[in-house]
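**Student:** Pasting in a structure now, in structure tokens, and then I'll have a few things to ask.
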Amino acid sequence: MVKALDIKRNFLGIEKQYSAIETSKIVVLPVPYEHTVSYGGGTKNGPDAILNASHQVEYFDEETKREIYREHGIATLPPLAFVKKRDETALQIIYDTVFEMVERQKFVVTLGGEHSISSAAIAAHAKLYPDLSVLQFDAHSDLRPEYRGNKYSHASVMARVCEFLDPRRLVQVGIRAQCKEEAEFIRDHGINTFYAHDIRRGNYTKVLKYWDDFVVEKLSENVYISFDIDAFDPSIMPATGTPEPGGLFWDEVLQCLRKVGRKKHIVGFDLVELAPIKGLHHADVTAAKLVSKILNYAL
Ligand SMILES: [Mn+2]
């Protein structure tokens, strides 16, 4: 039986009483997996940076007026190890760990690592929630059948997901970089893609309705969130491997997540692709605070 990380290393820096696995509803799983880098590297350092920065995040959420760790408990598992394990074998390790926790009624937060890990976490949730929809925040659609010869590339993660999940239950937000084949795949398979340029131009805005209301409408009851940190604009989130200009900002992302939390059942989420830059603390804190915010909206 693995032991949860202690107050010095766990998410938020929580005393034992509220951070043991047995008594915690929430389980944070660090997955420092990095194998298919295509531009900037460093996502293997993401989980550690988020855990460290989380000690700067308040226990108390100023908006919901709650201390979620006292209500539910938050256990942080030791980081998964991938000694010489790559691609399918690595994904199997992630799947097994997440599945075991979800089966034990835990709310699992998976911290990457590169985006490819999400297909394993999503598969584990889809097994227990057959109607699952996936809400993907991302600059990229990640629907390439393969990238640089590897079908388990971070650039192909949602193509893998669409092999076991109805593509019409994939909702993408913030997309602003894709190849022609990905655009065609979206069109042919009914994926719900909310492009950054459409959001920015107000193309979804109707009387008393905003783009995020349409996002919520596309989701089924049980929602898994896969959050690629590069969905954010590089001006607030430079610490990522493949940054793209024209991204989303903090408040609009929170507004969307808040609505999803109110109207749907968020069953788990991941936060991936943080590639920490030494000395650039705001990026790490942004990622850590985002985890805390989603927990507050979800539970
Ligand atoms: Mn991306």
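Following the order of the structure tokens, first chain is A, next is B, and so on, with residues numbered from 1 inside each chain and ligands from 1 in the order they appear.
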Compile the contact shell of range 197-212 of chain A as a list in words: residues with an atom at most 8 Å away, counting only C-alpha atoms, same-chain residues fewer than 3 positions apart removed.
**Tutor:** Gly174, Arg176, Phe194, Val215, Val216, Gly246, Gln255, Cys256 and Lys259 of chain A
**Student:** Please identify which residues in range 50-272 of chain A DSSP calls strand (DSSP E or B) from the backbone, and express them as a PyMOL selection string.
**Tutor:** chain A and resi 61+66+74-76+107-112+133-137+140+147+150+170-175+177+192-195+206+209+222-228+232+240+248+265-272
**Student:** For C-alpha atoms, I'd like the residues from the last selection saved as a PDB file, in the first residue's frame.
**Tutor:**
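The resulting file, again_26.pdb, is shown below:
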ATOM      1  CA  ASP A  61     -11.179  29.906  -1.058  1.00  0.00           C
ATOM      2  CA  ARG A  66     -14.722  27.124   1.974  1.00  0.00           C
ATOM      3  CA  ILE A  74      -6.834  15.841   0.021  1.00  0.00           C
ATOM      4  CA  ALA A  75      -4.245  13.054  -0.196  1.00  0.00           C
ATOM      5  CA  THR A  76      -1.244  13.405  -2.499  1.00  0.00           C
ATOM      6  CA  PHE A 107     -11.992  12.261  -6.859  1.00  0.00           C
ATOM      7  CA  VAL A 108      -8.717  12.054  -8.778  1.00  0.00           C
ATOM      8  CA  VAL A 109      -6.602  15.034  -9.849  1.00  0.00           C
ATOM      9  CA  THR A 110      -3.860  13.972 -12.255  1.00  0.00           C
ATOM     10  CA  LEU A 111      -0.898  16.358 -12.548  1.00  0.00           C
ATOM     11  CA  GLY A 112       1.286  16.116 -15.678  1.00  0.00           C
ATOM     12  CA  SER A 133     -17.978  13.770 -21.716  1.00  0.00           C
ATOM     13  CA  VAL A 134     -14.554  15.361 -21.880  1.00  0.00           C
ATOM     14  CA  LEU A 135     -14.014  19.089 -21.594  1.00  0.00           C
ATOM     15  CA  GLN A 136     -10.589  19.864 -23.048  1.00  0.00           C
ATOM     16  CA  PHE A 137      -8.985  23.260 -22.500  1.00  0.00           C
ATOM     17  CA  HIS A 140      -4.202  22.572 -29.802  1.00  0.00           C
ATOM     18  CA  TYR A 147       2.908  12.758 -34.556  1.00  0.00           C
ATOM     19  CA  ASN A 150       4.301   8.090 -32.369  1.00  0.00           C
ATOM     20  CA  LEU A 170     -15.548  15.764 -26.690  1.00  0.00           C
ATOM     21  CA  VAL A 171     -15.783  19.519 -26.122  1.00  0.00           C
ATOM     22  CA  GLN A 172     -12.667  21.566 -26.906  1.00  0.00           C
ATOM     23  CA  VAL A 173     -12.139  25.125 -25.699  1.00  0.00           C
ATOM     24  CA  GLY A 174      -9.501  27.693 -26.660  1.00  0.00           C
ATOM     25  CA  ILE A 175      -8.252  25.933 -29.793  1.00  0.00           C
ATOM     26  CA  ALA A 177      -3.532  25.730 -33.689  1.00  0.00           C
ATOM     27  CA  ASN A 192     -17.544  20.371 -30.383  1.00  0.00           C
ATOM     28  CA  THR A 193     -14.670  22.784 -30.840  1.00  0.00           C
ATOM     29  CA  PHE A 194     -14.836  26.312 -29.436  1.00  0.00           C
ATOM     30  CA  TYR A 195     -12.063  28.118 -31.278  1.00  0.00           C
ATOM     31  CA  LYS A 206     -26.437  35.862 -27.789  1.00  0.00           C
ATOM     32  CA  LYS A 209     -25.853  33.927 -23.280  1.00  0.00           C
ATOM     33  CA  ASN A 222     -20.683  13.471 -15.966  1.00  0.00           C
ATOM     34  CA  VAL A 223     -17.753  15.593 -17.078  1.00  0.00           C
ATOM     35  CA  TYR A 224     -14.009  14.971 -17.029  1.00  0.00           C
ATOM     36  CA  ILE A 225     -11.822  18.047 -17.519  1.00  0.00           C
ATOM     37  CA  SER A 226      -8.491  17.761 -19.299  1.00  0.00           C
ATOM     38  CA  PHE A 227      -6.724  21.060 -18.852  1.00  0.00           C
ATOM     39  CA  ASP A 228      -3.665  21.738 -20.998  1.00  0.00           C
ATOM     40  CA  PHE A 232      -4.000  30.174 -21.297  1.00  0.00           C
ATOM     41  CA  THR A 240       4.702  25.534 -21.343  1.00  0.00           C
ATOM     42  CA  LEU A 248      -7.629  32.465 -22.741  1.00  0.00           C
ATOM     43  CA  HIS A 265     -21.097  16.691 -12.293  1.00  0.00           C
ATOM     44  CA  ILE A 266     -17.324  17.060 -12.608  1.00  0.00           C
ATOM     45  CA  VAL A 267     -15.962  13.575 -11.862  1.00  0.00           C
ATOM     46  CA  GLY A 268     -12.222  14.220 -12.144  1.00  0.00           C
ATOM     47  CA  PHE A 269      -9.649  16.298 -13.968  1.00  0.00           C
ATOM     48  CA  ASP A 270      -6.059  16.622 -15.054  1.00  0.00           C
ATOM     49  CA  LEU A 271      -3.747  19.578 -15.436  1.00  0.00           C
ATOM     50  CA  VAL A 272      -0.920  18.993 -17.890  1.00  0.00           C
TER      51      VAL A 272
END
**Student:** Taking only C-alpha atoms and all ligand atoms into account, report as JSON, numbers by chain which residues have an atom no farther than 8 Å from an atom of ligand 1.
**Tutor:** {"A": [115, 138, 139, 140, 141, 142, 154, 155, 228, 229, 230, 231, 242, 243, 273]}
**Student:** Just to be explicit: take each residue in the selection above, keep N, CA and C atoms, and write the result as a PDB file, in the first residue's frame.
**Tutor:**
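Printed below is again04.pdb as written:
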ATOM      1  N   HIS A 115       0.777  15.924 -22.193  1.00  0.00           N
ATOM      2  CA  HIS A 115      -0.660  15.719 -22.345  1.00  0.00           C
ATOM      3  C   HIS A 115      -1.043  14.275 -22.674  1.00  0.00           C
ATOM      4  N   ASP A 138      -7.390  23.782 -24.236  1.00  0.00           N
ATOM      5  CA  ASP A 138      -6.144  23.539 -24.965  1.00  0.00           C
ATOM      6  C   ASP A 138      -5.988  24.564 -26.083  1.00  0.00           C
ATOM      7  N   ALA A 139      -4.737  24.884 -26.420  1.00  0.00           N
ATOM      8  CA  ALA A 139      -4.488  25.683 -27.618  1.00  0.00           C
ATOM      9  C   ALA A 139      -4.554  24.804 -28.868  1.00  0.00           C
ATOM     10  N   HIS A 140      -4.322  23.507 -28.671  1.00  0.00           N
ATOM     11  CA  HIS A 140      -4.202  22.572 -29.802  1.00  0.00           C
ATOM     12  C   HIS A 140      -5.306  21.533 -29.730  1.00  0.00           C
ATOM     13  N   SER A 141      -5.753  21.064 -30.887  1.00  0.00           N
ATOM     14  CA  SER A 141      -6.832  20.067 -30.820  1.00  0.00           C
ATOM     15  C   SER A 141      -6.313  18.672 -30.500  1.00  0.00           C
ATOM     16  N   ASP A 142      -5.004  18.416 -30.697  1.00  0.00           N
ATOM     17  CA  ASP A 142      -4.408  17.118 -30.312  1.00  0.00           C
ATOM     18  C   ASP A 142      -5.125  15.937 -30.947  1.00  0.00           C
ATOM     19  N   HIS A 154       1.908  13.595 -27.349  1.00  0.00           N
ATOM     20  CA  HIS A 154       1.011  14.589 -26.731  1.00  0.00           C
ATOM     21  C   HIS A 154       0.115  15.239 -27.775  1.00  0.00           C
ATOM     22  N   ALA A 155       0.578  15.280 -29.033  1.00  0.00           N
ATOM     23  CA  ALA A 155      -0.190  15.917 -30.109  1.00  0.00           C
ATOM     24  C   ALA A 155      -1.304  15.023 -30.640  1.00  0.00           C
ATOM     25  N   ASP A 228      -5.021  21.443 -20.531  1.00  0.00           N
ATOM     26  CA  ASP A 228      -3.665  21.738 -20.998  1.00  0.00           C
ATOM     27  C   ASP A 228      -3.403  23.207 -20.679  1.00  0.00           C
ATOM     28  N   ILE A 229      -2.364  23.444 -19.897  1.00  0.00           N
ATOM     29  CA  ILE A 229      -2.106  24.795 -19.385  1.00  0.00           C
ATOM     30  C   ILE A 229      -1.841  25.796 -20.527  1.00  0.00           C
ATOM     31  N   ASP A 230      -1.503  25.275 -21.733  1.00  0.00           N
ATOM     32  CA  ASP A 230      -1.276  26.198 -22.852  1.00  0.00           C
ATOM     33  C   ASP A 230      -2.570  26.766 -23.426  1.00  0.00           C
ATOM     34  N   ALA A 231      -3.722  26.366 -22.873  1.00  0.00           N
ATOM     35  CA  ALA A 231      -4.980  27.039 -23.223  1.00  0.00           C
ATOM     36  C   ALA A 231      -4.896  28.510 -22.837  1.00  0.00           C
ATOM     37  N   THR A 242       4.622  24.290 -25.810  1.00  0.00           N
ATOM     38  CA  THR A 242       4.215  24.768 -27.134  1.00  0.00           C
ATOM     39  C   THR A 242       3.213  25.921 -26.995  1.00  0.00           C
ATOM     40  N   PRO A 243       3.735  27.097 -26.591  1.00  0.00           N
ATOM     41  CA  PRO A 243       2.845  28.250 -26.386  1.00  0.00           C
ATOM     42  C   PRO A 243       2.249  28.765 -27.698  1.00  0.00           C
ATOM     43  N   GLU A 273       1.080  19.774 -18.994  1.00  0.00           N
ATOM     44  CA  GLU A 273       1.931  20.612 -19.856  1.00  0.00           C
ATOM     45  C   GLU A 273       2.528  21.844 -19.190  1.00  0.00           C
TER      46      GLU A 273
END
**Student:** Within 6 Å of range 53-56 of chain A, counting only C-alpha atoms, which residues show up once you throw out same-chain ones fewer than 5 positions away? Write them as a count of residues only, please.
**Tutor:** 6
**Student:** Give me the residues within 9 Å of Ala121 in chain A as number ranges by chain, counting only C-alpha atoms and dropping any in the same chain fewer than 3 places off.
**Tutor:** A: 91, 94-99, 108, 110, 117-118, 124-126, 268-270
**Student:** Would you compute the distance between CA of Met237 in chain A and CA of Ala283 in chain A? Give it in Å to one decimal.
**Tutor:**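 Distance between the two atoms: 5.6 Å.
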**Student:** Pick out the residues sitting within 9 Å of Phe82 in chain A, and hand them over as an mmCIF file with C-alpha atoms, in the first residue's frame; count only C-alpha atoms, and ignore anything fewer than 6 positions along from it in its own chain.
**Tutor:**
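Written out: result.cif:
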data_model
loop_
_atom_site.group_PDB
_atom_site.id
_atom_site.type_symbol
_atom_site.label_atom_id
_atom_site.label_comp_id
_atom_site.auth_asym_id
_atom_site.auth_seq_id
_atom_site.Cartn_x
_atom_site.Cartn_y
_atom_site.Cartn_z
ATOM 1 C CA PRO A 32 6.025 13.362 -14.151
ATOM 2 C CA TYR A 33 5.929 11.700 -17.573
ATOM 3 C CA THR A 89 3.323 0.603 -20.867
ATOM 4 C CA ALA A 90 3.488 4.008 -19.203
ATOM 5 C CA ILE A 93 0.576 2.302 -15.163
#
**Student:** Counting only C-alpha atoms, what is within 8 Å of Arg70 in chain A, bar same-chain residues fewer than 3 positions away, as an mmCIF file with N, CA and C atoms, in the first residue's frame?
**Tutor:**
data_model
loop_
_atom_site.group_PDB
_atom_site.id
_atom_site.type_symbol
_atom_site.label_atom_id
_atom_site.label_comp_id
_atom_site.auth_asym_id
_atom_site.auth_seq_id
_atom_site.Cartn_x
_atom_site.Cartn_y
_atom_site.Cartn_z
ATOM 1 N N TYR A 18 -5.907 15.440 7.548
ATOM 2 C CA TYR A 18 -6.714 15.720 6.362
ATOM 3 C C TYR A 18 -6.030 15.307 5.069
ATOM 4 N N GLU A 67 -13.040 25.792 3.027
ATOM 5 C CA GLU A 67 -11.742 25.143 3.106
ATOM 6 C C GLU A 67 -11.969 23.701 2.675
ATOM 7 N N GLY A 73 -10.847 16.234 2.602
ATOM 8 C CA GLY A 73 -9.522 15.637 2.708
ATOM 9 C C GLY A 73 -8.860 15.596 1.340
#
